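A short worksheet on the structure shown next.
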2 protein chains.
Amino acid sequence: MSILTCQGVYMIGGMSLRYALLGLLSAAGPSSGYDLAKLFENSINHVWRAGHSQIYPELSKLHADGLIEVEAEGPRGRKIYAITPQGRAELHQWLLEKGREGPVRSEGALQAFLISALPPAEAIGVVERVRAMFERRLADLEARHEQMSGGSGGDYFGRYALDLGLRQTRTFLEWADATIADLRARAGS
Amino acid sequence: MSILTCQGVYMIGGMSLRYALLGLLSAAGPSSGYDLAKLFENSINHVWRAGHSQIYPELSKLHADGLIEVEAEGPRGRKIYAITPQGRAELHQWLLEKGREGPVRSEGALQAFLISALPPAEAIGVVERVRAMFERRLADLEARHEQMSGGSGGDYFGRYALDLGLRQTRTFLEWADATIADLRARAGS
DNA sequence: CGCCCCATGTAATAAGTTACATGATTTT
DNA sequence: AAAATCATGTAACTTATTACATGGGGCG
């Protein structure tokens with residue numbers, strides 16, 4: 001008796017990496033694993049992370065499943081993958097699927113939560129530190145935005161995600177300011 | 001030759017569940033694994049997730065490491081854990097630690113990113129669906145906020161996290177509206 | 001007595017991270 | 001020739017998810 005897994009049965013959630021890769025291949029055109037790792041790092045990074053050690057094996061699986069194909073081979077074993085029609089279909093399917101309330105995971109927000117466990121005076125320091133981190137992120141995203149909108153016309157890749165990232169980072173900073181003010185009031189009382 | 005892991009060497013990132021549990025025990029007082037699973041579900045859920053199958057083993061480890069102790073035992077094998085001074089110290093340490101830019105992971109935002117891969121007309125539907133999901137979350141958070149602020153004085157648990165959740169959810173809705181408008185403009189052109 | 005909730009766990013699998021390992025090409 | 005970067009992979013481990021499994025206690 002063998003339990004059918006993944007392709008066969010269960011796994012309704014998850015598989016995000018798979019679709020992230022299909023999405024990148026769809027939007028950025030044919031790319032190598034190396035390219036995709038880079039793309040991940042400086043586009044999708046603030047939303048989902050993956051290193052090359054996760055990307056290469058996943059590309060193999062995608063290839064085995066016929067969702068991508070090797071379009072060409074370059075210099076040092078460089079393989080350029082392209083999304084296939086089946087791949088495109090699966091991606092669309094996944095995006096259109098409903099009832100999916102996938103994983104949410106933010107260590108920054110978790111810390112925000114846990115400061116309730118600290119005395120106000122100490123909590124302030126923690127919030128300030130996290131705030132500084134997000135400040136840096138905002139600068140990074142703004143630079144990227146500048147760079148992108150400076151480019152061609154209006155249709156750059158990841159435009160909506162970048163916009164979302166900017167909004168959320170700014171919101172986080174606002175929250176941090178409000179929280180610090182509140183903590184100060186409590187500490188001072 | 002044995003490779004020292006975790007307690008001994010590496011693992012600088014990660015361990016978030018561990019600290020989430022310590023934080024809950026610190027803020028909510030002595031609780032059983034079951035209680036903690038419940039607490040997770042309706043307090044910290046929008047920030048970090050964990051099911052009981054992850055919680056129980058982690059509690060065992062925390063106990064083995066002396067960061068929590070069994071304060072009492074109840075009816076059906078119910079064990080009530082309390083955070084120890086060492087546990088409190090570790091939690092503070094972790095919160096104060098710097099240079100930590102932990103994992104960020106949001107499937108909603110990932111989908112937002114990937115819509116670039118869809119023709120505008122289809123993308124609108126996707127964004128609308130995700131938007132609806134966040135609308136439900138907002139209602140949920142608002143209800144919780146209502147409930148909490150209705151309670152005692154001002155010092156409820158997870159107050160800051162809830163505030164952050166509300167702000168971020170509202171921001172997401174704003175983004176969705178702007179994006180839908182933009183997509184409509186593009187689809188109509 | 002039967003049902004629902006309390007309460008705890010384990011097993012199997014999937015997903016993610018860090019470190020290890022190797023070698024080719026381009027740039028300085 | 002050395003250094004940086006391109007390029008791909010594997011191994012070992014941790015973390016997370018889903019399903020399986022069991023039994024006590026309260027209530028109608």
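In the structure tokens, chains take letters A, B, ... by order of appearance, with residues numbered from 1 within each chain and ligands from 1 in the order shown.
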Please identify which residues in region 8-176 of chain A DSSP calls strand (DSSP E) from the backbone, and express them as a list in words.
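So, restricting region 8-176 of chain A to strand (DSSP E), we get Ser31, Ser32, Ile68, Glu69, Val70, Glu71, Ala72, Glu73, Lys79, Ile80, Tyr81, Ala82, Ile83, Val104, Arg105 and Ser106 of chain A.
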Please build the interface table for chain C against chain B with a cut-off of 8 Å, listing for each qualifying residue the nearest atom pair and the distance in Å to one decimal; count only C-alpha atoms (C1' of nucleotides), order rows by chain and increasing number, and write it as JSON lines.
{"residue": "C:DC6", "atom": "C1'", "partner": "B:Arg76", "partner_atom": "CA", "distance": 7.9}
{"residue": "C:DA7", "atom": "C1'", "partner": "B:Arg78", "partner_atom": "CA", "distance": 6.2}
{"residue": "C:DT8", "atom": "C1'", "partner": "B:Gly77", "partner_atom": "CA", "distance": 7.4}
{"residue": "C:DG9", "atom": "C1'", "partner": "B:Tyr56", "partner_atom": "CA", "distance": 7.5}
Based on the selection just made, write C-alpha atoms (C1' of nucleotides) of those residues as an mmCIF file, in the first residue's frame.
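Dumped to selection_14.cif:
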data_model
loop_
_atom_site.group_PDB
_atom_site.id
_atom_site.type_symbol
_atom_site.label_atom_id
_atom_site.label_comp_id
_atom_site.auth_asym_id
_atom_site.auth_seq_id
_atom_site.Cartn_x
_atom_site.Cartn_y
_atom_site.Cartn_z
ATOM 1 C "C1'" DC C 6 -10.893 18.872 25.936
ATOM 2 C "C1'" DA C 7 -6.251 17.319 25.708
ATOM 3 C "C1'" DT C 8 -2.082 15.267 24.086
ATOM 4 C "C1'" DG C 9 0.627 13.266 21.277
#
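In this comparison, which uses only C-alpha atoms, the residue of B:Arg167, B:Arg18, B:Lys61, B:Arg137 approaching chain A most closely is B:Arg167.
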Kindly determine which residues of chain B lie within 8 Å of chain A, considering only C-alpha atoms, and give the answer as number ranges by chain.
B: 16, 20, 23-24, 26-27, 44, 46-49, 92, 95-96, 98, 101-118, 125-126, 129, 133, 157-164, 167-168, 171-172, 175, 179
So which one's closest to chain B, D:DC27, D:DA4, D:DA16, D:DA21? Using only C-alpha atoms (C1' of nucleotides), please.
D:DA16
Give me every alpha helix (DSSP H) residue in region 6-149 of chain B, going by DSSP on the backbone, as an mmCIF file with N, CA, C and O atoms, in the first residue's frame.
data_model
loop_
_atom_site.group_PDB
_atom_site.id
_atom_site.type_symbol
_atom_site.label_atom_id
_atom_site.label_comp_id
_atom_site.auth_asym_id
_atom_site.auth_seq_id
_atom_site.Cartn_x
_atom_site.Cartn_y
_atom_site.Cartn_z
ATOM 1 N N SER B 16 11.500 31.075 15.770
ATOM 2 C CA SER B 16 10.443 32.026 16.083
ATOM 3 C C SER B 16 9.334 31.403 16.919
ATOM 4 O O SER B 16 8.803 32.050 17.823
ATOM 5 N N LEU B 17 9.002 30.170 16.619
ATOM 6 C CA LEU B 17 7.918 29.520 17.354
ATOM 7 C C LEU B 17 8.253 29.487 18.834
ATOM 8 O O LEU B 17 7.424 29.791 19.687
ATOM 9 N N ARG B 18 9.479 29.109 19.107
ATOM 10 C CA ARG B 18 9.972 29.062 20.474
ATOM 11 C C ARG B 18 9.680 30.365 21.217
ATOM 12 O O ARG B 18 9.147 30.362 22.317
ATOM 13 N N TYR B 19 10.019 31.473 20.583
ATOM 14 C CA TYR B 19 9.857 32.758 21.251
ATOM 15 C C TYR B 19 8.412 33.217 21.266
ATOM 16 O O TYR B 19 7.989 33.917 22.186
ATOM 17 N N ALA B 20 7.682 32.815 20.264
ATOM 18 C CA ALA B 20 6.256 33.118 20.267
ATOM 19 C C ALA B 20 5.607 32.466 21.487
ATOM 20 O O ALA B 20 4.820 33.091 22.197
ATOM 21 N N LEU B 21 5.988 31.226 21.752
ATOM 22 C CA LEU B 21 5.417 30.518 22.899
ATOM 23 C C LEU B 21 5.859 31.146 24.213
ATOM 24 O O LEU B 21 5.049 31.348 25.122
ATOM 25 N N LEU B 22 7.128 31.472 24.300
ATOM 26 C CA LEU B 22 7.613 32.130 25.513
ATOM 27 C C LEU B 22 6.862 33.450 25.721
ATOM 28 O O LEU B 22 6.473 33.781 26.844
ATOM 29 N N GLY B 23 6.651 34.174 24.635
ATOM 30 C CA GLY B 23 5.945 35.450 24.725
ATOM 31 C C GLY B 23 4.518 35.268 25.201
ATOM 32 O O GLY B 23 4.038 36.007 26.054
ATOM 33 N N LEU B 24 3.856 34.269 24.664
ATOM 34 C CA LEU B 24 2.482 34.026 25.077
ATOM 35 C C LEU B 24 2.425 33.635 26.554
ATOM 36 O O LEU B 24 1.581 34.116 27.303
ATOM 37 N N LEU B 25 3.339 32.781 26.965
ATOM 38 C CA LEU B 25 3.355 32.361 28.362
ATOM 39 C C LEU B 25 3.673 33.539 29.278
ATOM 40 O O LEU B 25 3.159 33.624 30.389
ATOM 41 N N SER B 26 4.517 34.422 28.764
ATOM 42 C CA SER B 26 4.887 35.576 29.561
ATOM 43 C C SER B 26 3.726 36.554 29.696
ATOM 44 O O SER B 26 3.464 37.082 30.766
ATOM 45 N N ALA B 27 3.022 36.746 28.582
ATOM 46 C CA ALA B 27 1.974 37.765 28.572
ATOM 47 C C ALA B 27 0.629 37.252 29.071
ATOM 48 O O ALA B 27 -0.117 37.969 29.718
ATOM 49 N N ALA B 28 0.340 35.986 28.764
ATOM 50 C CA ALA B 28 -0.980 35.466 29.114
ATOM 51 C C ALA B 28 -0.956 34.662 30.408
ATOM 52 O O ALA B 28 -1.987 34.220 30.896
ATOM 53 N N GLY B 33 -0.736 23.418 26.693
ATOM 54 C CA GLY B 33 -0.496 23.391 25.257
ATOM 55 C C GLY B 33 -1.771 23.682 24.494
ATOM 56 O O GLY B 33 -1.762 24.409 23.494
ATOM 57 N N TYR B 34 -2.819 23.132 24.984
ATOM 58 C CA TYR B 34 -4.123 23.330 24.349
ATOM 59 C C TYR B 34 -4.504 24.810 24.368
ATOM 60 O O TYR B 34 -4.915 25.373 23.356
ATOM 61 N N ASP B 35 -4.348 25.414 25.537
ATOM 62 C CA ASP B 35 -4.625 26.849 25.662
ATOM 63 C C ASP B 35 -3.786 27.646 24.674
ATOM 64 O O ASP B 35 -4.279 28.561 24.018
ATOM 65 N N LEU B 36 -2.511 27.292 24.611
ATOM 66 C CA LEU B 36 -1.604 28.033 23.748
ATOM 67 C C LEU B 36 -2.001 27.901 22.284
ATOM 68 O O LEU B 36 -1.939 28.868 21.528
ATOM 69 N N ALA B 37 -2.430 26.708 21.904
ATOM 70 C CA ALA B 37 -2.875 26.500 20.532
ATOM 71 C C ALA B 37 -4.067 27.408 20.237
ATOM 72 O O ALA B 37 -4.157 28.031 19.175
ATOM 73 N N LYS B 38 -4.967 27.509 21.209
ATOM 74 C CA LYS B 38 -6.133 28.372 21.062
ATOM 75 C C LYS B 38 -5.710 29.838 20.974
ATOM 76 O O LYS B 38 -6.186 30.588 20.129
ATOM 77 N N LEU B 39 -4.839 30.213 21.895
ATOM 78 C CA LEU B 39 -4.344 31.575 21.922
ATOM 79 C C LEU B 39 -3.715 31.950 20.589
ATOM 80 O O LEU B 39 -3.939 33.029 20.051
ATOM 81 N N HIS B 52 -1.261 22.584 16.794
ATOM 82 C CA HIS B 52 -0.901 21.882 18.032
ATOM 83 C C HIS B 52 0.215 20.872 17.810
ATOM 84 O O HIS B 52 1.029 20.635 18.689
ATOM 85 N N SER B 53 0.274 20.325 16.608
ATOM 86 C CA SER B 53 1.291 19.311 16.338
ATOM 87 C C SER B 53 2.690 19.917 16.312
ATOM 88 O O SER B 53 3.688 19.210 16.372
ATOM 89 N N GLN B 54 2.749 21.188 16.195
ATOM 90 C CA GLN B 54 4.047 21.853 16.252
ATOM 91 C C GLN B 54 4.288 22.374 17.667
ATOM 92 O O GLN B 54 5.421 22.408 18.148
ATOM 93 N N ILE B 55 3.219 22.743 18.307
ATOM 94 C CA ILE B 55 3.314 23.349 19.634
ATOM 95 C C ILE B 55 3.738 22.350 20.711
ATOM 96 O O ILE B 55 4.652 22.613 21.490
ATOM 97 N N TYR B 56 3.104 21.188 20.734
ATOM 98 C CA TYR B 56 3.425 20.216 21.789
ATOM 99 C C TYR B 56 4.898 19.816 21.803
ATOM 100 O O TYR B 56 5.542 19.844 22.853
ATOM 101 N N PRO B 57 5.448 19.431 20.672
ATOM 102 C CA PRO B 57 6.870 19.071 20.694
ATOM 103 C C PRO B 57 7.768 20.228 21.132
ATOM 104 O O PRO B 57 8.736 20.021 21.858
ATOM 105 N N GLU B 58 7.410 21.429 20.693
ATOM 106 C CA GLU B 58 8.242 22.576 21.056
ATOM 107 C C GLU B 58 8.173 22.834 22.553
ATOM 108 O O GLU B 58 9.184 23.195 23.167
ATOM 109 N N LEU B 59 7.015 22.609 23.127
ATOM 110 C CA LEU B 59 6.892 22.776 24.578
ATOM 111 C C LEU B 59 7.791 21.783 25.308
ATOM 112 O O LEU B 59 8.436 22.121 26.298
ATOM 113 N N SER B 60 7.856 20.563 24.771
ATOM 114 C CA SER B 60 8.739 19.568 25.385
ATOM 115 C C SER B 60 10.186 20.036 25.372
ATOM 116 O O SER B 60 10.902 19.911 26.361
ATOM 117 N N LYS B 61 10.580 20.585 24.214
ATOM 118 C CA LYS B 61 11.955 21.061 24.105
ATOM 119 C C LYS B 61 12.211 22.215 25.070
ATOM 120 O O LYS B 61 13.246 22.277 25.728
ATOM 121 N N LEU B 62 11.260 23.142 25.116
ATOM 122 C CA LEU B 62 11.408 24.286 26.007
ATOM 123 C C LEU B 62 11.540 23.824 27.451
ATOM 124 O O LEU B 62 12.325 24.362 28.230
ATOM 125 N N HIS B 63 10.769 22.789 27.770
ATOM 126 C CA HIS B 63 10.816 22.237 29.116
ATOM 127 C C HIS B 63 12.177 21.601 29.379
ATOM 128 O O HIS B 63 12.805 21.849 30.411
ATOM 129 N N ALA B 64 12.639 20.826 28.397
ATOM 130 C CA ALA B 64 13.941 20.171 28.522
ATOM 131 C C ALA B 64 15.053 21.205 28.682
ATOM 132 O O ALA B 64 16.054 20.961 29.374
ATOM 133 N N PRO B 85 12.461 32.074 34.924
ATOM 134 C CA PRO B 85 13.330 33.245 34.781
ATOM 135 C C PRO B 85 14.274 33.117 33.590
ATOM 136 O O PRO B 85 14.455 34.073 32.829
ATOM 137 N N GLN B 86 14.850 31.925 33.403
ATOM 138 C CA GLN B 86 15.726 31.750 32.243
ATOM 139 C C GLN B 86 14.957 31.979 30.945
ATOM 140 O O GLN B 86 15.471 32.561 29.994
ATOM 141 N N GLY B 87 13.721 31.500 30.926
ATOM 142 C CA GLY B 87 12.891 31.673 29.738
ATOM 143 C C GLY B 87 12.677 33.140 29.447
ATOM 144 O O GLY B 87 12.818 33.602 28.304
ATOM 145 N N ARG B 88 12.361 33.860 30.492
ATOM 146 C CA ARG B 88 12.142 35.290 30.352
ATOM 147 C C ARG B 88 13.403 35.967 29.830
ATOM 148 O O ARG B 88 13.349 36.811 28.936
ATOM 149 N N ALA B 89 14.532 35.556 30.360
ATOM 150 C CA ALA B 89 15.806 36.145 29.954
ATOM 151 C C ALA B 89 16.069 35.887 28.471
ATOM 152 O O ALA B 89 16.460 36.791 27.727
ATOM 153 N N GLU B 90 15.819 34.656 28.046
ATOM 154 C CA GLU B 90 16.039 34.300 26.637
ATOM 155 C C GLU B 90 15.132 35.099 25.717
ATOM 156 O O GLU B 90 15.543 35.531 24.645
ATOM 157 N N LEU B 91 13.896 35.260 26.144
ATOM 158 C CA LEU B 91 12.937 36.019 25.338
ATOM 159 C C LEU B 91 13.404 37.464 25.184
ATOM 160 O O LEU B 91 13.446 37.991 24.061
ATOM 161 N N HIS B 92 13.806 38.058 26.282
ATOM 162 C CA HIS B 92 14.290 39.439 26.227
ATOM 163 C C HIS B 92 15.504 39.544 25.312
ATOM 164 O O HIS B 92 15.584 40.421 24.469
ATOM 165 N N GLN B 93 16.404 38.610 25.514
ATOM 166 C CA GLN B 93 17.605 38.548 24.694
ATOM 167 C C GLN B 93 17.244 38.566 23.210
ATOM 168 O O GLN B 93 17.773 39.345 22.419
ATOM 169 N N TRP B 94 16.331 37.714 22.857
ATOM 170 C CA TRP B 94 15.938 37.571 21.456
ATOM 171 C C TRP B 94 15.319 38.852 20.919
ATOM 172 O O TRP B 94 15.604 39.280 19.798
ATOM 173 N N LEU B 95 14.488 39.466 21.738
ATOM 174 C CA LEU B 95 13.830 40.697 21.296
ATOM 175 C C LEU B 95 14.830 41.837 21.137
ATOM 176 O O LEU B 95 14.700 42.676 20.258
ATOM 177 N N LEU B 96 15.836 41.837 21.979
ATOM 178 C CA LEU B 96 16.790 42.942 21.952
ATOM 179 C C LEU B 96 17.884 42.758 20.919
ATOM 180 O O LEU B 96 18.548 43.699 20.512
ATOM 181 N N GLU B 107 1.508 34.869 1.137
ATOM 182 C CA GLU B 107 1.005 34.336 -0.111
ATOM 183 C C GLU B 107 0.129 35.346 -0.822
ATOM 184 O O GLU B 107 0.148 35.434 -2.051
ATOM 185 N N GLY B 108 -0.616 36.130 -0.047
ATOM 186 C CA GLY B 108 -1.442 37.178 -0.642
ATOM 187 C C GLY B 108 -0.588 38.121 -1.470
ATOM 188 O O GLY B 108 -0.881 38.393 -2.633
ATOM 189 N N ALA B 109 0.487 38.596 -0.854
ATOM 190 C CA ALA B 109 1.366 39.530 -1.541
ATOM 191 C C ALA B 109 2.062 38.870 -2.729
ATOM 192 O O ALA B 109 2.290 39.504 -3.753
ATOM 193 N N LEU B 110 2.359 37.600 -2.583
ATOM 194 C CA LEU B 110 2.977 36.885 -3.700
ATOM 195 C C LEU B 110 2.043 36.885 -4.908
ATOM 196 O O LEU B 110 2.451 37.142 -6.038
ATOM 197 N N GLN B 111 0.785 36.624 -4.641
ATOM 198 C CA GLN B 111 -0.181 36.639 -5.734
ATOM 199 C C GLN B 111 -0.256 38.026 -6.346
ATOM 200 O O GLN B 111 -0.357 38.181 -7.559
ATOM 201 N N ALA B 112 -0.206 39.033 -5.471
ATOM 202 C CA ALA B 112 -0.211 40.408 -5.962
ATOM 203 C C ALA B 112 0.940 40.610 -6.938
ATOM 204 O O ALA B 112 0.805 41.278 -7.963
ATOM 205 N N PHE B 113 2.034 40.014 -6.605
ATOM 206 C CA PHE B 113 3.204 40.143 -7.445
ATOM 207 C C PHE B 113 2.991 39.464 -8.786
ATOM 208 O O PHE B 113 3.329 39.987 -9.842
ATOM 209 N N LEU B 114 2.441 38.279 -8.711
ATOM 210 C CA LEU B 114 2.338 37.456 -9.903
ATOM 211 C C LEU B 114 1.284 37.906 -10.895
ATOM 212 O O LEU B 114 1.279 37.462 -12.042
ATOM 213 N N PRO B 120 -4.554 41.972 -17.977
ATOM 214 C CA PRO B 120 -5.303 42.834 -17.050
ATOM 215 C C PRO B 120 -6.708 42.341 -16.739
ATOM 216 O O PRO B 120 -7.099 42.307 -15.572
ATOM 217 N N ALA B 121 -7.430 41.932 -17.752
ATOM 218 C CA ALA B 121 -8.829 41.537 -17.535
ATOM 219 C C ALA B 121 -8.929 40.399 -16.523
ATOM 220 O O ALA B 121 -9.776 40.411 -15.628
ATOM 221 N N GLU B 122 -8.038 39.420 -16.639
ATOM 222 C CA GLU B 122 -8.060 38.310 -15.690
ATOM 223 C C GLU B 122 -7.528 38.728 -14.338
ATOM 224 O O GLU B 122 -7.995 38.281 -13.288
ATOM 225 N N ALA B 123 -6.522 39.592 -14.371
ATOM 226 C CA ALA B 123 -5.890 40.039 -13.128
ATOM 227 C C ALA B 123 -6.896 40.700 -12.196
ATOM 228 O O ALA B 123 -6.865 40.506 -10.985
ATOM 229 N N ILE B 124 -7.809 41.466 -12.801
ATOM 230 C CA ILE B 124 -8.815 42.149 -11.986
ATOM 231 C C ILE B 124 -9.560 41.169 -11.099
ATOM 232 O O ILE B 124 -9.723 41.396 -9.901
ATOM 233 N N GLY B 125 -9.958 40.076 -11.675
ATOM 234 C CA GLY B 125 -10.680 39.063 -10.913
ATOM 235 C C GLY B 125 -9.855 38.534 -9.748
ATOM 236 O O GLY B 125 -10.364 38.368 -8.641
ATOM 237 N N VAL B 126 -8.601 38.289 -10.022
ATOM 238 C CA VAL B 126 -7.729 37.773 -8.969
ATOM 239 C C VAL B 126 -7.624 38.766 -7.818
ATOM 240 O O VAL B 126 -7.781 38.418 -6.647
ATOM 241 N N VAL B 127 -7.361 40.018 -8.176
ATOM 242 C CA VAL B 127 -7.213 41.031 -7.128
ATOM 243 C C VAL B 127 -8.507 41.172 -6.346
ATOM 244 O O VAL B 127 -8.496 41.291 -5.122
ATOM 245 N N GLU B 128 -9.626 41.134 -7.038
ATOM 246 C CA GLU B 128 -10.906 41.251 -6.346
ATOM 247 C C GLU B 128 -11.106 40.129 -5.342
ATOM 248 O O GLU B 128 -11.617 40.343 -4.246
ATOM 249 N N ARG B 129 -10.688 38.954 -5.730
ATOM 250 C CA ARG B 129 -10.843 37.825 -4.822
ATOM 251 C C ARG B 129 -9.969 37.978 -3.592
ATOM 252 O O ARG B 129 -10.410 37.782 -2.463
ATOM 253 N N VAL B 130 -8.718 38.349 -3.808
ATOM 254 C CA VAL B 130 -7.818 38.535 -2.668
ATOM 255 C C VAL B 130 -8.329 39.671 -1.788
ATOM 256 O O VAL B 130 -8.296 39.605 -0.568
ATOM 257 N N ARG B 131 -8.838 40.686 -2.457
ATOM 258 C CA ARG B 131 -9.393 41.813 -1.724
ATOM 259 C C ARG B 131 -10.500 41.370 -0.785
ATOM 260 O O ARG B 131 -10.567 41.785 0.372
ATOM 261 N N ALA B 132 -11.364 40.523 -1.299
ATOM 262 C CA ALA B 132 -12.489 40.027 -0.496
ATOM 263 C C ALA B 132 -11.984 39.286 0.734
ATOM 264 O O ALA B 132 -12.537 39.399 1.833
ATOM 265 N N MET B 133 -10.904 38.548 0.534
ATOM 266 C CA MET B 133 -10.315 37.797 1.640
ATOM 267 C C MET B 133 -9.848 38.745 2.747
ATOM 268 O O MET B 133 -10.104 38.513 3.915
ATOM 269 N N PHE B 134 -9.207 39.818 2.314
ATOM 270 C CA PHE B 134 -8.699 40.771 3.298
ATOM 271 C C PHE B 134 -9.825 41.557 3.949
ATOM 272 O O PHE B 134 -9.718 41.976 5.102
ATOM 273 N N GLU B 135 -10.891 41.731 3.200
ATOM 274 C CA GLU B 135 -12.065 42.395 3.758
ATOM 275 C C GLU B 135 -12.608 41.572 4.929
ATOM 276 O O GLU B 135 -12.922 42.114 5.986
ATOM 277 N N ARG B 136 -12.650 40.289 4.731
ATOM 278 C CA ARG B 136 -13.101 39.405 5.809
ATOM 279 C C ARG B 136 -12.150 39.483 6.997
ATOM 280 O O ARG B 136 -12.570 39.523 8.139
ATOM 281 N N ARG B 137 -10.872 39.521 6.694
ATOM 282 C CA ARG B 137 -9.906 39.597 7.784
ATOM 283 C C ARG B 137 -10.082 40.894 8.570
ATOM 284 O O ARG B 137 -10.021 40.901 9.791
ATOM 285 N N LEU B 138 -10.322 41.975 7.824
ATOM 286 C CA LEU B 138 -10.513 43.256 8.491
ATOM 287 C C LEU B 138 -11.699 43.193 9.444
ATOM 288 O O LEU B 138 -11.611 43.635 10.593
ATOM 289 N N ALA B 139 -12.792 42.618 8.969
ATOM 290 C CA ALA B 139 -13.984 42.503 9.810
ATOM 291 C C ALA B 139 -13.649 41.717 11.070
ATOM 292 O O ALA B 139 -14.035 42.097 12.185
ATOM 293 N N ASP B 140 -12.903 40.657 10.893
ATOM 294 C CA ASP B 140 -12.506 39.819 12.016
ATOM 295 C C ASP B 140 -11.669 40.588 13.025
ATOM 296 O O ASP B 140 -11.924 40.566 14.226
ATOM 297 N N LEU B 141 -10.685 41.308 12.514
ATOM 298 C CA LEU B 141 -9.807 42.074 13.397
ATOM 299 C C LEU B 141 -10.567 43.184 14.099
ATOM 300 O O LEU B 141 -10.355 43.460 15.281
ATOM 301 N N GLU B 142 -11.481 43.807 13.359
ATOM 302 C CA GLU B 142 -12.252 44.884 13.962
ATOM 303 C C GLU B 142 -13.130 44.362 15.092
ATOM 304 O O GLU B 142 -13.247 44.991 16.141
ATOM 305 N N ALA B 143 -13.709 43.216 14.865
ATOM 306 C CA ALA B 143 -14.544 42.608 15.899
ATOM 307 C C ALA B 143 -13.696 42.341 17.137
ATOM 308 O O ALA B 143 -14.109 42.619 18.274
ATOM 309 N N ARG B 144 -12.518 41.848 16.915
ATOM 310 C CA ARG B 144 -11.634 41.521 18.014
ATOM 311 C C ARG B 144 -11.215 42.782 18.771
ATOM 312 O O ARG B 144 -11.124 42.797 19.987
ATOM 313 N N HIS B 145 -11.010 43.835 17.993
ATOM 314 C CA HIS B 145 -10.606 45.100 18.584
ATOM 315 C C HIS B 145 -11.712 45.652 19.467
ATOM 316 O O HIS B 145 -11.485 46.055 20.608
ATOM 317 N N GLU B 146 -12.894 45.617 18.918
ATOM 318 C CA GLU B 146 -14.095 46.045 19.628
ATOM 319 C C GLU B 146 -14.179 45.327 20.971
ATOM 320 O O GLU B 146 -14.267 45.940 22.023
ATOM 321 N N GLN B 147 -14.078 44.041 20.867
ATOM 322 C CA GLN B 147 -14.195 43.142 22.011
ATOM 323 C C GLN B 147 -13.161 43.473 23.079
ATOM 324 O O GLN B 147 -13.460 43.533 24.271
ATOM 325 N N MET B 148 -11.936 43.702 22.623
ATOM 326 C CA MET B 148 -10.841 43.962 23.552
ATOM 327 C C MET B 148 -10.970 45.313 24.230
ATOM 328 O O MET B 148 -10.840 45.416 25.439
ATOM 329 N N SER B 149 -11.219 46.354 23.430
ATOM 330 C CA SER B 149 -11.278 47.688 24.015
ATOM 331 C C SER B 149 -12.522 47.826 24.885
ATOM 332 O O SER B 149 -12.568 48.659 25.781
#
Contact check, chain D to chain A, at most 12 Å, counting only C-alpha atoms (C1' of nucleotides), closest pairs as a Markdown table:
| residue | atom | partner | partner_atom | distance |
| --- | --- | --- | --- | --- |
| D:DT5 | C1' | A:Tyr34 | CA | 11.6 |
| D:DC6 | C1' | A:Arg76 | CA | 7.9 |
| D:DA7 | C1' | A:Arg78 | CA | 6.2 |
| D:DT8 | C1' | A:Gly77 | CA | 7.4 |
| D:DG9 | C1' | A:Tyr56 | CA | 7.6 |
| D:DT10 | C1' | A:Ser53 | CA | 8.8 |
| D:DA11 | C1' | A:Ser53 | CA | 11.0 |
| D:DA16 | C1' | A:Pro103 | CA | 10.2 |
| D:DT17 | C1' | A:Gly14 | CA | 9.0 |
| D:DT18 | C1' | A:Tyr10 | CA | 8.5 |
| D:DA19 | C1' | A:Tyr10 | CA | 10.3 |
Show which residues sit within 10 Å of DC20 (chain D), as a list in words. Count only C-alpha atoms (C1' of nucleotides), and ignore same-chain residues fewer than 4 positions away.
DT10, DA11 and DA12 of chain C
